[in-house]
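Chemist: Provided herewith: data-v1.tsv, TSV, C-alpha atoms and all ligand atoms.
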```
chain	number	residue	atom	x	y	z
R	1	MET	CA	39.06	40.44	115.73
R	2	GLU	CA	42.68	39.41	116.01
R	3	LEU	CA	45.59	40.44	113.88
R	4	ILE	CA	48.25	39.17	111.58
R	5	ILE	CA	51.70	40.70	111.16
R	6	LEU	CA	53.68	40.05	108.00
R	7	THR	CA	57.15	41.32	107.11
R	8	GLY	CA	58.46	41.66	103.56
R	9	ALA	CA	55.07	42.18	101.90
R	10	THR	CA	56.20	44.88	99.47
R	11	SER	CA	57.33	42.38	96.85
R	12	GLY	CA	57.72	38.77	95.80
R	13	ILE	CA	56.49	35.97	98.05
R	14	GLY	CA	55.42	38.33	100.85
R	15	PHE	CA	53.21	40.38	98.57
R	16	GLU	CA	51.41	37.25	97.35
R	17	CYS	CA	51.18	35.98	100.93
R	18	ALA	CA	49.47	39.24	101.96
R	19	MET	CA	47.05	38.92	99.04
R	20	GLN	CA	46.12	35.36	100.05
R	21	MET	CA	45.89	36.31	103.71
R	22	ALA	CA	43.41	39.06	102.82
R	23	ARG	CA	41.27	36.38	101.15
R	24	ILE	CA	41.40	33.72	103.86
R	25	ALA	CA	41.29	36.11	106.84
R	26	PRO	CA	38.72	38.72	105.80
R	27	ASN	CA	37.83	39.61	109.41
R	28	GLU	CA	41.32	39.95	110.89
R	29	GLN	CA	43.41	43.08	110.86
R	30	ILE	CA	46.50	42.62	108.69
R	31	ILE	CA	49.58	44.66	109.49
R	32	LEU	CA	52.27	44.90	106.85
R	33	ALA	CA	55.55	45.78	108.52
R	34	CYS	CA	57.48	47.61	105.80
R	35	ARG	CA	60.62	49.70	105.66
R	36	ASN	CA	59.16	51.86	102.90
R	37	GLN	CA	55.80	53.39	103.79
R	38	LYS	CA	55.05	54.42	100.19
R	39	SER	CA	55.57	50.88	98.84
R	40	GLY	CA	53.51	49.50	101.72
R	41	ASP	CA	50.62	51.88	101.05
R	42	LYS	CA	50.68	50.99	97.33
R	43	VAL	CA	50.52	47.28	98.15
R	44	ILE	CA	47.60	47.89	100.51
R	45	GLN	CA	45.67	49.80	97.84
R	46	ASN	CA	46.24	46.96	95.41
R	47	ILE	CA	45.18	44.24	97.87
R	48	LYS	CA	42.11	46.18	99.00
R	49	GLN	CA	41.02	46.62	95.40
R	50	LYS	CA	41.48	42.94	94.55
R	51	THR	CA	40.09	41.34	97.70
R	52	GLY	CA	37.78	43.91	99.28
R	53	HIS	CA	39.63	43.51	102.62
R	54	LYS	CA	39.05	46.63	104.66
R	55	ASN	CA	41.48	46.34	107.51
R	56	LEU	CA	45.03	46.39	106.25
R	57	ILE	CA	47.58	48.85	107.55
R	58	CYS	CA	51.26	49.48	107.03
R	59	MET	CA	53.58	50.14	109.96
R	60	PRO	CA	57.23	51.16	109.57
R	61	LEU	CA	59.85	48.51	110.29
R	62	ASN	CA	63.44	48.40	109.11
R	63	LEU	CA	65.04	45.09	110.04
R	64	GLY	CA	68.41	46.66	109.39
R	65	SER	CA	68.09	48.48	112.71
R	66	LEU	CA	67.30	47.04	116.15
R	67	GLN	CA	66.10	50.49	117.20
R	68	SER	CA	63.49	50.33	114.42
R	69	VAL	CA	62.35	46.89	115.67
R	70	ARG	CA	61.93	48.35	119.17
R	71	GLU	CA	60.03	51.35	117.81
R	72	PHE	CA	57.76	49.07	115.82
R	73	THR	CA	56.80	47.08	118.90
R	74	VAL	CA	56.24	50.22	120.99
R	75	GLN	CA	53.97	51.68	118.32
R	76	PHE	CA	52.24	48.34	117.94
R	77	SER	CA	51.62	48.03	121.68
R	78	LYS	CA	49.66	51.30	121.57
R	79	GLN	CA	47.14	49.89	119.10
R	80	PRO	CA	43.68	49.39	120.62
R	81	ASN	CA	43.63	45.88	119.22
R	82	ASN	CA	46.88	44.04	119.71
R	83	LYS	CA	46.22	40.29	119.98
R	84	ILE	CA	48.37	38.56	117.39
R	85	ILE	CA	47.07	35.37	115.81
R	86	ALA	CA	49.88	34.99	113.25
R	87	LEU	CA	53.35	36.46	112.81
R	88	ILE	CA	55.07	35.77	109.52
R	89	ASN	CA	58.78	36.55	109.39
R	90	ASN	CA	59.18	36.63	105.64
R	91	ALA	CA	61.41	39.66	104.90
R	92	GLY	CA	64.85	38.66	103.78
R	93	ILE	CA	67.82	39.67	101.68
R	94	GLN	CA	70.74	38.05	99.94
R	95	ASN	CA	73.75	40.35	99.62
R	96	VAL	CA	76.28	38.92	97.17
R	97	ALA	CA	78.17	42.19	96.68
R	98	GLU	CA	80.72	43.71	99.06
R	99	THR	CA	79.96	43.20	102.75
R	100	GLN	CA	77.36	45.59	104.12
R	101	TYR	CA	76.36	46.29	107.70
R	102	THR	CA	73.15	47.11	109.54
R	103	LYS	CA	72.82	50.29	111.64
R	104	ASP	CA	74.03	48.24	114.61
R	105	GLY	CA	77.19	47.20	112.73
R	106	PHE	CA	76.07	43.61	112.04
R	107	GLU	CA	76.75	41.87	108.73
R	108	VAL	CA	73.53	42.66	106.88
R	109	THR	CA	72.30	39.24	105.68
R	110	ILE	CA	72.54	37.61	109.10
R	111	GLY	CA	71.51	40.88	110.75
R	112	VAL	CA	68.25	41.16	108.81
R	113	ASN	CA	67.33	37.54	108.10
R	114	HIS	CA	68.14	36.09	111.50
R	115	LEU	CA	68.90	38.63	114.20
R	116	ALA	CA	66.24	41.30	113.65
R	117	SER	CA	63.53	38.74	112.77
R	118	THR	CA	64.24	36.85	115.99
R	119	TYR	CA	64.23	40.12	117.96
R	120	LEU	CA	60.88	41.12	116.48
R	121	THR	CA	59.45	37.71	117.38
R	122	LEU	CA	60.68	37.87	120.99
R	123	LEU	CA	59.37	41.41	121.54
R	124	LEU	CA	55.98	40.52	120.05
R	125	LEU	CA	55.54	37.28	122.03
R	126	PRO	CA	53.76	39.01	124.95
R	127	PHE	CA	51.05	40.08	122.47
R	128	MET	CA	50.42	36.64	121.02
R	129	ASP	CA	47.13	34.83	121.31
R	130	SER	CA	47.45	31.49	123.11
R	131	ASN	CA	46.85	29.74	119.74
R	132	ALA	CA	49.08	31.99	117.64
R	133	SER	CA	51.40	30.84	114.87
R	134	ILE	CA	54.90	32.07	114.16
R	135	THR	CA	56.29	31.25	110.74
R	136	PHE	CA	59.82	31.84	109.47
R	137	THR	CA	60.39	31.88	105.73
R	138	ALA	CA	63.51	29.75	105.56
R	139	SER	CA	64.89	28.13	102.38
R	140	GLY	CA	65.83	24.72	101.03
R	141	THR	CA	69.26	26.25	100.40
R	142	HIS	CA	70.00	25.75	104.12
R	143	ASP	CA	70.30	22.02	103.39
R	144	PRO	CA	73.36	20.89	101.39
R	145	LYS	CA	71.56	17.59	100.64
R	146	GLN	CA	69.04	19.51	98.52
R	147	LYS	CA	71.84	20.35	96.05
R	148	THR	CA	70.41	23.75	95.18
R	149	GLY	CA	73.67	24.97	93.66
R	150	MET	CA	74.15	27.53	96.43
R	151	GLU	CA	77.17	27.63	98.74
R	152	PRO	CA	76.36	25.40	101.73
R	153	PRO	CA	75.96	27.02	105.16
R	154	ILE	CA	78.66	26.91	107.80
R	155	PHE	CA	77.30	27.09	111.32
R	156	LYS	CA	78.90	29.53	113.74
R	157	SER	CA	77.66	31.45	116.77
R	158	ALA	CA	75.62	34.57	116.06
R	159	LYS	CA	78.56	36.70	117.23
R	160	GLU	CA	80.95	35.14	114.73
R	161	LEU	CA	78.35	35.46	111.99
R	162	VAL	CA	77.54	39.14	112.48
R	163	TYR	CA	81.17	40.16	112.92
R	164	PRO	CA	82.82	38.21	110.08
R	165	THR	CA	86.58	38.14	109.59
R	166	GLU	CA	88.16	39.31	106.32
R	167	THR	CA	88.45	36.74	103.57
R	168	ASN	CA	89.90	36.53	100.06
R	169	GLU	CA	86.94	34.56	98.74
R	170	LYS	CA	84.74	36.07	96.04
R	171	PRO	CA	81.83	38.21	97.34
R	172	MET	CA	79.40	35.90	95.50
R	173	THR	CA	80.69	32.83	97.38
R	174	VAL	CA	80.73	34.61	100.73
R	175	GLY	CA	77.34	36.25	100.12
R	176	GLN	CA	75.64	33.00	99.18
R	177	ARG	CA	77.11	31.24	102.22
R	178	ARG	CA	75.91	34.01	104.52
R	179	TYR	CA	72.47	33.70	103.02
R	180	THR	CA	72.22	29.90	103.35
R	181	THR	CA	73.65	30.16	106.88
R	182	SER	CA	71.03	32.80	107.77
R	183	LYS	CA	68.36	30.38	106.57
R	184	LEU	CA	69.89	27.59	108.67
R	185	CYS	CA	69.64	30.05	111.59
R	186	ASN	CA	65.90	30.47	110.82
R	187	VAL	CA	65.37	26.70	111.07
R	188	LEU	CA	67.52	26.30	114.21
R	189	THR	CA	65.57	29.19	115.82
R	190	THR	CA	62.25	27.61	114.84
R	191	TYR	CA	63.12	24.40	116.70
R	192	GLU	CA	64.67	26.10	119.73
R	193	LEU	CA	61.82	28.59	120.14
R	194	GLN	CA	59.21	25.84	119.77
R	195	ARG	CA	60.95	23.81	122.47
R	196	LYS	CA	60.96	26.83	124.78
R	197	LEU	CA	57.24	27.33	124.05
R	198	SER	CA	56.40	23.63	124.42
R	199	LYS	CA	54.06	24.23	127.37
R	200	THR	CA	52.00	26.68	125.29
R	201	ASN	CA	49.74	26.25	122.30
R	202	ILE	CA	51.80	28.62	120.16
R	203	ARG	CA	53.21	26.90	117.09
R	204	VAL	CA	56.47	27.81	115.38
R	205	ASN	CA	57.19	26.48	111.89
R	206	ALA	CA	59.68	27.08	109.10
R	207	PHE	CA	58.71	27.35	105.45
R	208	ASP	CA	60.70	26.73	102.29
R	209	PRO	CA	58.98	28.48	99.37
R	210	GLY	CA	61.17	26.58	96.90
R	211	PHE	CA	63.17	28.37	94.25
R	212	VAL	CA	61.11	31.39	93.22
R	213	PRO	CA	62.92	33.19	90.40
R	214	GLY	CA	61.94	36.73	89.44
R	215	THR	CA	61.39	38.14	92.95
R	216	GLY	CA	63.54	40.96	94.33
R	217	LEU	CA	65.84	38.54	96.15
R	218	ALA	CA	68.40	38.55	93.32
R	219	ARG	CA	68.40	42.37	93.23
R	220	ASN	CA	72.10	42.74	93.82
R	221	TYR	CA	73.20	39.91	91.54
R	222	PRO	CA	75.12	41.06	88.42
R	223	PRO	CA	72.69	42.32	85.69
R	224	PHE	CA	73.29	39.30	83.44
R	225	LEU	CA	72.37	36.81	86.21
R	226	ARG	CA	69.39	38.97	87.17
R	227	PHE	CA	68.16	38.88	83.60
R	228	ILE	CA	68.37	35.07	83.62
R	229	SER	CA	66.61	34.92	86.98
R	230	ASP	CA	63.79	37.20	85.84
R	231	HIS	CA	63.23	35.90	82.30
R	232	ILE	CA	64.62	32.40	81.84
R	233	LEU	CA	64.59	30.55	85.16
R	234	PRO	CA	60.82	30.97	85.74
R	235	VAL	CA	60.32	28.41	82.94
R	236	LEU	CA	62.02	25.80	85.17
R	237	ARG	CA	58.86	25.47	87.22
R	238	TYR	CA	57.37	23.33	84.46
R	239	PHE	CA	60.20	20.76	84.69
R	240	VAL	CA	62.00	21.01	88.01
R	241	HIS	CA	60.81	20.00	91.48
R	242	ASN	CA	60.24	22.84	93.97
R	243	VAL	CA	60.49	25.73	91.53
R	244	ASN	CA	57.47	27.97	92.02
R	245	THR	CA	55.87	31.28	91.19
R	246	ALA	CA	55.67	33.88	93.94
R	247	GLN	CA	51.90	33.48	93.78
R	248	VAL	CA	51.97	29.76	94.54
R	249	SER	CA	54.56	30.11	97.33
R	250	GLY	CA	52.90	33.17	98.85
R	251	LYS	CA	49.57	31.35	99.04
R	252	ARG	CA	51.19	28.36	100.71
R	253	LEU	CA	52.91	30.58	103.25
R	254	ALA	CA	49.65	32.31	104.20
R	255	ASN	CA	47.88	28.94	104.49
R	256	LEU	CA	50.61	27.48	106.70
R	257	ALA	CA	50.39	30.46	109.04
R	258	TYR	CA	46.61	30.71	109.24
R	259	ALA	CA	44.56	27.88	107.69
R	260	ASP	CA	42.89	25.32	109.98
R	261	GLN	CA	44.57	22.35	108.31
R	262	TYR	CA	47.98	23.37	109.75
R	263	LYS	CA	46.85	24.08	113.30
R	264	ASN	CA	48.36	20.89	114.72
R	265	PHE	CA	51.85	21.34	113.31
R	266	LYS	CA	54.38	22.56	115.84
R	267	GLY	CA	58.11	22.92	115.29
R	268	LYS	CA	58.00	21.56	111.74
R	269	TYR	CA	59.71	22.35	108.47
R	270	PHE	CA	57.60	22.64	105.34
R	271	GLU	CA	58.68	22.45	101.73
R	272	GLY	CA	55.71	24.24	100.23
R	273	GLU	CA	52.63	22.35	101.46
R	274	LYS	CA	54.53	19.29	102.58
R	275	GLU	CA	56.19	18.66	105.92
R	276	ILE	CA	59.69	17.29	105.32
R	277	LYS	CA	62.94	16.87	107.25
R	278	SER	CA	65.26	19.85	107.31
R	279	SER	CA	69.06	19.54	107.19
R	280	ALA	CA	71.02	17.34	109.59
R	281	ASP	CA	72.67	20.43	111.12
R	282	SER	CA	69.32	22.05	111.85
R	283	TYR	CA	68.50	19.25	114.36
R	284	ASN	CA	71.84	19.65	116.16
R	285	LYS	CA	70.80	20.65	119.70
R	286	GLU	CA	74.20	22.07	120.48
R	287	TYR	CA	73.95	24.39	117.46
R	288	GLN	CA	70.42	25.40	118.48
R	289	ASP	CA	71.64	26.21	121.95
R	290	ILE	CA	74.76	28.12	120.84
R	291	LEU	CA	72.75	30.14	118.34
R	292	TRP	CA	70.04	30.96	120.87
R	293	THR	CA	72.43	32.03	123.63
R	294	SER	CA	74.67	34.10	121.35
R	295	THR	CA	71.64	35.73	119.73
R	296	ILE	CA	70.09	36.72	123.07
R	297	ASP	CA	73.44	38.10	124.12
R	298	LEU	CA	73.83	40.21	120.97
R	299	LEU	CA	70.27	41.51	121.17
R	300	GLY	CA	70.69	42.51	124.79
R	301	ILE	CA	67.03	41.66	125.35
R	302	LYS	CA	65.86	41.51	128.97
R	303	GLN	CA	63.62	38.82	130.45
R	304	ASN	CA	60.87	41.35	131.22
R	305	GLU	CA	60.66	42.32	127.52
R	306	THR	CA	59.41	38.93	126.34
R	307	SER	CA	57.24	36.07	127.55
R	308	VAL	CA	59.51	33.15	126.72
R	309	GLN	CA	62.17	31.99	129.17
R	310	LEU	CA	65.39	33.41	127.69
R	311	VAL	CA	67.89	31.28	129.60
S	1	LIG	N1	62.97	33.85	95.84
S	1	LIG	C1	63.44	32.67	96.20
S	1	LIG	O1	63.85	31.85	95.37
S	1	LIG	C2	63.43	32.26	97.66
S	1	LIG	C3	63.76	30.94	97.97
S	1	LIG	C4	63.78	30.54	99.30
S	1	LIG	C5	63.49	31.46	100.30
S	1	LIG	N2	63.19	32.74	99.97
S	1	LIG	C6	62.90	33.68	101.07
S	1	LIG	O2	61.63	34.27	100.86
S	1	LIG	C7	61.57	35.53	101.54
S	1	LIG	C8	61.00	36.56	100.57
S	1	LIG	O3	61.91	36.70	99.49
S	1	LIG	P1	61.47	37.10	98.02
S	1	LIG	O4	62.07	36.11	97.11
S	1	LIG	O5	60.03	37.38	97.96
S	1	LIG	O6	62.34	38.44	97.85
S	1	LIG	P2	61.93	39.97	97.66
S	1	LIG	O7	60.98	40.10	96.53
S	1	LIG	O8	63.24	40.70	97.58
S	1	LIG	O9	61.19	40.35	99.01
S	1	LIG	C9	61.91	40.65	100.18
S	1	LIG	C10	61.06	41.49	101.09
S	1	LIG	O10	61.80	41.73	102.29
S	1	LIG	C11	61.80	43.12	102.55
S	1	LIG	N3	63.01	43.56	103.26
S	1	LIG	C12	64.29	43.41	102.87
S	1	LIG	N4	65.11	43.99	103.74
S	1	LIG	C13	64.33	44.55	104.71
S	1	LIG	C14	64.59	45.32	105.86
S	1	LIG	N5	65.82	45.68	106.21
S	1	LIG	N6	63.55	45.69	106.63
S	1	LIG	C15	62.28	45.39	106.29
S	1	LIG	N7	61.97	44.68	105.18
S	1	LIG	C16	62.98	44.27	104.40
S	1	LIG	C17	61.72	43.77	101.18
S	1	LIG	O11	61.30	45.11	101.31
S	1	LIG	P3	61.73	46.27	100.26
S	1	LIG	O12	60.68	46.22	99.18
S	1	LIG	O13	61.68	47.51	101.08
S	1	LIG	O14	63.09	45.95	99.75
S	1	LIG	C18	60.71	42.86	100.50
S	1	LIG	O15	59.41	43.20	100.87
S	1	LIG	C19	62.99	35.82	101.99
S	1	LIG	O16	63.10	35.53	103.37
S	1	LIG	C20	63.84	34.87	101.19
S	1	LIG	O17	65.03	34.52	101.84
S	1	LIG	C21	63.15	33.17	98.67
```
Re-express the file's structure as structure tokens.

Modeler:
Amino acid sequence: MELIILTGATSGIGFECAMQMARIAPNEQIILACRNQKSGDKVIQNIKQKTGHKNLICMPLNLGSLQSVREFTVQFSKQPNNKIIALINNAGIQNVAETQYTKDGFEVTIGVNHLASTYLTLLLLPFMDSNASITFTASGTHDPKQKTGMEPPIFKSAKELVYPTETNEKPMTVGQRRYTTSKLCNVLTTYELQRKLSKTNIRVNAFDPGFVPGTGLARNYPPFLRFISDHILPVLRYFVHNVNTAQVSGKRLANLAYADQYKNFKGKYFEGEKEIKSSADSYNKEYQDILWTSTIDLLGIKQNETSVQLV
């Protein structure tokens, strides 16, 4: 028996991914890394009832705190079974209100979506099976060519991103840009990490679930926009390319991370089930390198804490 770790399973795409994973991996242990134990336990009850999976557990993880990421990995390392076959970094937020900060003082969208997810991945690498998969839930919004209607990303080093300077722009504009930039960071990290793991059989891929209205992602949008997102936009999936239900996207995410048909894909970007090209910026090696180096620096991670060459 090996195990699967999934973040962000308490709602939306992650919840549906966990449900699918329980179906396609009935003999693996599935760990839901959740910041709210009660929500995690409720999800587990629900999945157990619907799938009959017997080996799901919830372990506390708040990606808004690097200390919590460290505590998660320490607790995880004490498990009798700790060989990871799949890690899915799915948890994410989009803060379009006033700037908020993580416990470490990092801007929250970059802090959670990029920094803490990368930290978790690096600390868990020593526990990975030689054929493990690592999957980052990215987003098509990282690519201006996709014309998603979101503010395009602007690449900067991790340090500049987590310590942003004051601006007179509207919080919505700034918040959307931070979000799309955090998703660009997910894709840049996917490529850089895969290159650093090129001598191994571990595969690192990025996943775009498409536009999935009605999940919790729009939770701090103004009520009127939230209403549209929850009740009107879901209809778009019948007419518009790459608009999906959480169920469809969650299933695809679980399949990409675990199903046999994806076992030969390494360092790729998927729009749903299809491998496609990501944005031009995401292939920029200088950006990949700057992001990696500045991220390692911010995290303060030591070489003996991970199994990938940090520098
Ligand atoms: N919905 C879309 O249209 C769309 C499109 C492209 C990409 N995505 C990506 O898909 C992923 C899932 O989003 P979703 O749409 O399913 O949104 P969601 O329903 O809001 O789910 C987000 C999940 O992340 C968890 N999370 C947030 N902050 C966390 C933290 N500090 N520590 C631990 N867990 C945390 C949430 O837990 P709580 O329940 O505790 O809040 C929740 O389980 C995200 O990475 C998002 O960027 C979504």

Chemist: Taking all atoms listed in the file into account, which of R:Ser294, R:Thr51, R:Asn95, R:Gln288 comes nearest Lys196 of chain R?

Modeler: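 Counting all atoms listed in the file, the residue closest to Lys196 of chain R is R:Gln288.
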
Chemist: Which residue is closest to ligand LIG 1 (chain S)? Choose from R:Ser282, R:Asn242, R:Thr99, R:Ser11 and count all atoms listed in the file.

Modeler: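 Between R:Ser282, R:Asn242, R:Thr99, R:Ser11, the residue approaching ligand LIG 1 (chain S) most closely is R:Ser11.
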
Chemist: Which residues of segment 163-218 of chain R come within 9 Å of segment 139-152 of chain R, and for each one, what is the closest pair of atoms and their distance in Å to one decimal, counting only C-alpha atoms, sorted by chain and residue number, as JSON lines?

Modeler:
```
{"residue": "R:Thr173", "atom": "CA", "partner": "R:Glu151", "partner_atom": "CA", "distance": 6.4}
{"residue": "R:Val174", "atom": "CA", "partner": "R:Glu151", "partner_atom": "CA", "distance": 8.1}
{"residue": "R:Gly175", "atom": "CA", "partner": "R:Glu151", "partner_atom": "CA", "distance": 8.7}
{"residue": "R:Gln176", "atom": "CA", "partner": "R:Glu151", "partner_atom": "CA", "distance": 5.6}
{"residue": "R:Arg177", "atom": "CA", "partner": "R:Glu151", "partner_atom": "CA", "distance": 5.0}
{"residue": "R:Arg178", "atom": "CA", "partner": "R:Glu151", "partner_atom": "CA", "distance": 8.7}
{"residue": "R:Tyr179", "atom": "CA", "partner": "R:His142", "partner_atom": "CA", "distance": 8.4}
{"residue": "R:Thr180", "atom": "CA", "partner": "R:His142", "partner_atom": "CA", "distance": 4.8}
{"residue": "R:Thr181", "atom": "CA", "partner": "R:His142", "partner_atom": "CA", "distance": 6.4}
{"residue": "R:Ser182", "atom": "CA", "partner": "R:His142", "partner_atom": "CA", "distance": 8.0}
{"residue": "R:Lys183", "atom": "CA", "partner": "R:His142", "partner_atom": "CA", "distance": 5.5}
{"residue": "R:Leu184", "atom": "CA", "partner": "R:His142", "partner_atom": "CA", "distance": 4.9}
{"residue": "R:Cys185", "atom": "CA", "partner": "R:His142", "partner_atom": "CA", "distance": 8.6}
{"residue": "R:Asn186", "atom": "CA", "partner": "R:Ser139", "partner_atom": "CA", "distance": 8.8}
{"residue": "R:Val187", "atom": "CA", "partner": "R:His142", "partner_atom": "CA", "distance": 8.4}
{"residue": "R:Ala206", "atom": "CA", "partner": "R:Ser139", "partner_atom": "CA", "distance": 8.6}
{"residue": "R:Phe207", "atom": "CA", "partner": "R:Ser139", "partner_atom": "CA", "distance": 6.9}
{"residue": "R:Asp208", "atom": "CA", "partner": "R:Ser139", "partner_atom": "CA", "distance": 4.4}
{"residue": "R:Pro209", "atom": "CA", "partner": "R:Ser139", "partner_atom": "CA", "distance": 6.6}
{"residue": "R:Gly210", "atom": "CA", "partner": "R:Gly140", "partner_atom": "CA", "distance": 6.5}
{"residue": "R:Phe211", "atom": "CA", "partner": "R:Gly140", "partner_atom": "CA", "distance": 8.1}
```

Chemist: Quick one: which chain R residues come within 8 Å of ligand LIG 1 (chain S), and what is the nearest atom pair for each with the distance in Å to one decimal, counting all atoms listed in the file, rows ordered by chain and ascending number, as JSON lines?

Modeler:
```
{"residue": "R:Thr7", "atom": "CA", "partner": "S:LIG1", "partner_atom": "N7", "distance": 6.2}
{"residue": "R:Gly8", "atom": "CA", "partner": "S:LIG1", "partner_atom": "O15", "distance": 3.2}
{"residue": "R:Ala9", "atom": "CA", "partner": "S:LIG1", "partner_atom": "O15", "distance": 4.6}
{"residue": "R:Thr10", "atom": "CA", "partner": "S:LIG1", "partner_atom": "O15", "distance": 3.9}
{"residue": "R:Ser11", "atom": "CA", "partner": "S:LIG1", "partner_atom": "O7", "distance": 4.3}
{"residue": "R:Gly12", "atom": "CA", "partner": "S:LIG1", "partner_atom": "O5", "distance": 3.5}
{"residue": "R:Ile13", "atom": "CA", "partner": "S:LIG1", "partner_atom": "O5", "distance": 3.8}
{"residue": "R:Gly14", "atom": "CA", "partner": "S:LIG1", "partner_atom": "O5", "distance": 5.5}
{"residue": "R:Phe15", "atom": "CA", "partner": "S:LIG1", "partner_atom": "O15", "distance": 7.2}
{"residue": "R:Ala33", "atom": "CA", "partner": "S:LIG1", "partner_atom": "C15", "distance": 7.1}
{"residue": "R:Cys34", "atom": "CA", "partner": "S:LIG1", "partner_atom": "C15", "distance": 5.3}
{"residue": "R:Arg35", "atom": "CA", "partner": "S:LIG1", "partner_atom": "C15", "distance": 4.7}
{"residue": "R:Asn36", "atom": "CA", "partner": "S:LIG1", "partner_atom": "O13", "distance": 5.3}
{"residue": "R:Ser39", "atom": "CA", "partner": "S:LIG1", "partner_atom": "O12", "distance": 6.9}
{"residue": "R:Leu61", "atom": "CA", "partner": "S:LIG1", "partner_atom": "C15", "distance": 5.6}
{"residue": "R:Asn62", "atom": "CA", "partner": "S:LIG1", "partner_atom": "N6", "distance": 3.7}
{"residue": "R:Leu63", "atom": "CA", "partner": "S:LIG1", "partner_atom": "N6", "distance": 3.8}
{"residue": "R:Gly64", "atom": "CA", "partner": "S:LIG1", "partner_atom": "N5", "distance": 4.2}
{"residue": "R:Ser65", "atom": "CA", "partner": "S:LIG1", "partner_atom": "N5", "distance": 7.4}
{"residue": "R:Asn89", "atom": "CA", "partner": "S:LIG1", "partner_atom": "O16", "distance": 7.5}
{"residue": "R:Asn90", "atom": "CA", "partner": "S:LIG1", "partner_atom": "O16", "distance": 4.7}
{"residue": "R:Ala91", "atom": "CA", "partner": "S:LIG1", "partner_atom": "O10", "distance": 3.4}
{"residue": "R:Gly92", "atom": "CA", "partner": "S:LIG1", "partner_atom": "O16", "distance": 3.6}
{"residue": "R:Ile93", "atom": "CA", "partner": "S:LIG1", "partner_atom": "C12", "distance": 5.3}
{"residue": "R:Gln94", "atom": "CA", "partner": "S:LIG1", "partner_atom": "O17", "distance": 7.0}
{"residue": "R:Val112", "atom": "CA", "partner": "S:LIG1", "partner_atom": "N5", "distance": 5.8}
{"residue": "R:Asn113", "atom": "CA", "partner": "S:LIG1", "partner_atom": "O16", "distance": 6.7}
{"residue": "R:Phe136", "atom": "CA", "partner": "S:LIG1", "partner_atom": "O16", "distance": 7.8}
{"residue": "R:Thr137", "atom": "CA", "partner": "S:LIG1", "partner_atom": "O16", "distance": 5.1}
{"residue": "R:Ala138", "atom": "CA", "partner": "S:LIG1", "partner_atom": "C5", "distance": 5.5}
{"residue": "R:Ser139", "atom": "CA", "partner": "S:LIG1", "partner_atom": "C4", "distance": 4.1}
{"residue": "R:Gly140", "atom": "CA", "partner": "S:LIG1", "partner_atom": "C4", "distance": 6.4}
{"residue": "R:Thr141", "atom": "CA", "partner": "S:LIG1", "partner_atom": "C4", "distance": 7.0}
{"residue": "R:Tyr179", "atom": "CA", "partner": "S:LIG1", "partner_atom": "O17", "distance": 7.6}
{"residue": "R:Lys183", "atom": "CA", "partner": "S:LIG1", "partner_atom": "O17", "distance": 7.1}
{"residue": "R:Asp208", "atom": "CA", "partner": "S:LIG1", "partner_atom": "C4", "distance": 5.7}
{"residue": "R:Pro209", "atom": "CA", "partner": "S:LIG1", "partner_atom": "C4", "distance": 5.2}
{"residue": "R:Gly210", "atom": "CA", "partner": "S:LIG1", "partner_atom": "C3", "distance": 5.2}
{"residue": "R:Phe211", "atom": "CA", "partner": "S:LIG1", "partner_atom": "O1", "distance": 3.7}
{"residue": "R:Val212", "atom": "CA", "partner": "S:LIG1", "partner_atom": "O1", "distance": 3.5}
{"residue": "R:Pro213", "atom": "CA", "partner": "S:LIG1", "partner_atom": "O1", "distance": 5.2}
{"residue": "R:Gly214", "atom": "CA", "partner": "S:LIG1", "partner_atom": "N1", "distance": 7.1}
{"residue": "R:Thr215", "atom": "CA", "partner": "S:LIG1", "partner_atom": "O7", "distance": 4.1}
{"residue": "R:Gly216", "atom": "CA", "partner": "S:LIG1", "partner_atom": "O8", "distance": 3.3}
{"residue": "R:Leu217", "atom": "CA", "partner": "S:LIG1", "partner_atom": "O8", "distance": 3.7}
{"residue": "R:Ala218", "atom": "CA", "partner": "S:LIG1", "partner_atom": "O8", "distance": 7.0}
{"residue": "R:Arg219", "atom": "CA", "partner": "S:LIG1", "partner_atom": "O8", "distance": 7.0}
{"residue": "R:Val243", "atom": "CA", "partner": "S:LIG1", "partner_atom": "O1", "distance": 8.0}
{"residue": "R:Ala246", "atom": "CA", "partner": "S:LIG1", "partner_atom": "O5", "distance": 6.9}
```

Chemist: Expressed in Å to a single decimal, how great is the separation between atom CA of Lys156 of chain R and atom CA of Pro222 of chain R?

Modeler: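 Atom CA of Pro222 of chain R lies at a distance of 28.1 Å from atom CA of Lys156 of chain R.
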
Chemist: Given the choices R:Glu71, R:Asp129, R:Glu107, R:Asp260, which gets closest to Ile24 of chain R if the distance is worked out from all atoms listed in the file?

Modeler: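 Under the stated criterion, the closest residue is R:Asp260.
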
Chemist: Do a neighbour search on Asn46 of chain R at 12 Å with only C-alpha atoms, toss out local chain neighbours closer than 3 positions, and write the hits as an NGL selection string.

Modeler: :R and (9-10 or 15-16 or 18-19 or 22 or 39-43 or 49-54 or 56)

Chemist: Let me make sure I understand: among R:Phe270, R:Tyr258, R:Phe127, R:Phe106, which one has the smallest atom-to-atom distance to Thr73 of chain R if we use all atoms listed in the file?

Modeler: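 Closest residue, counting all atoms listed in the file: R:Phe127.
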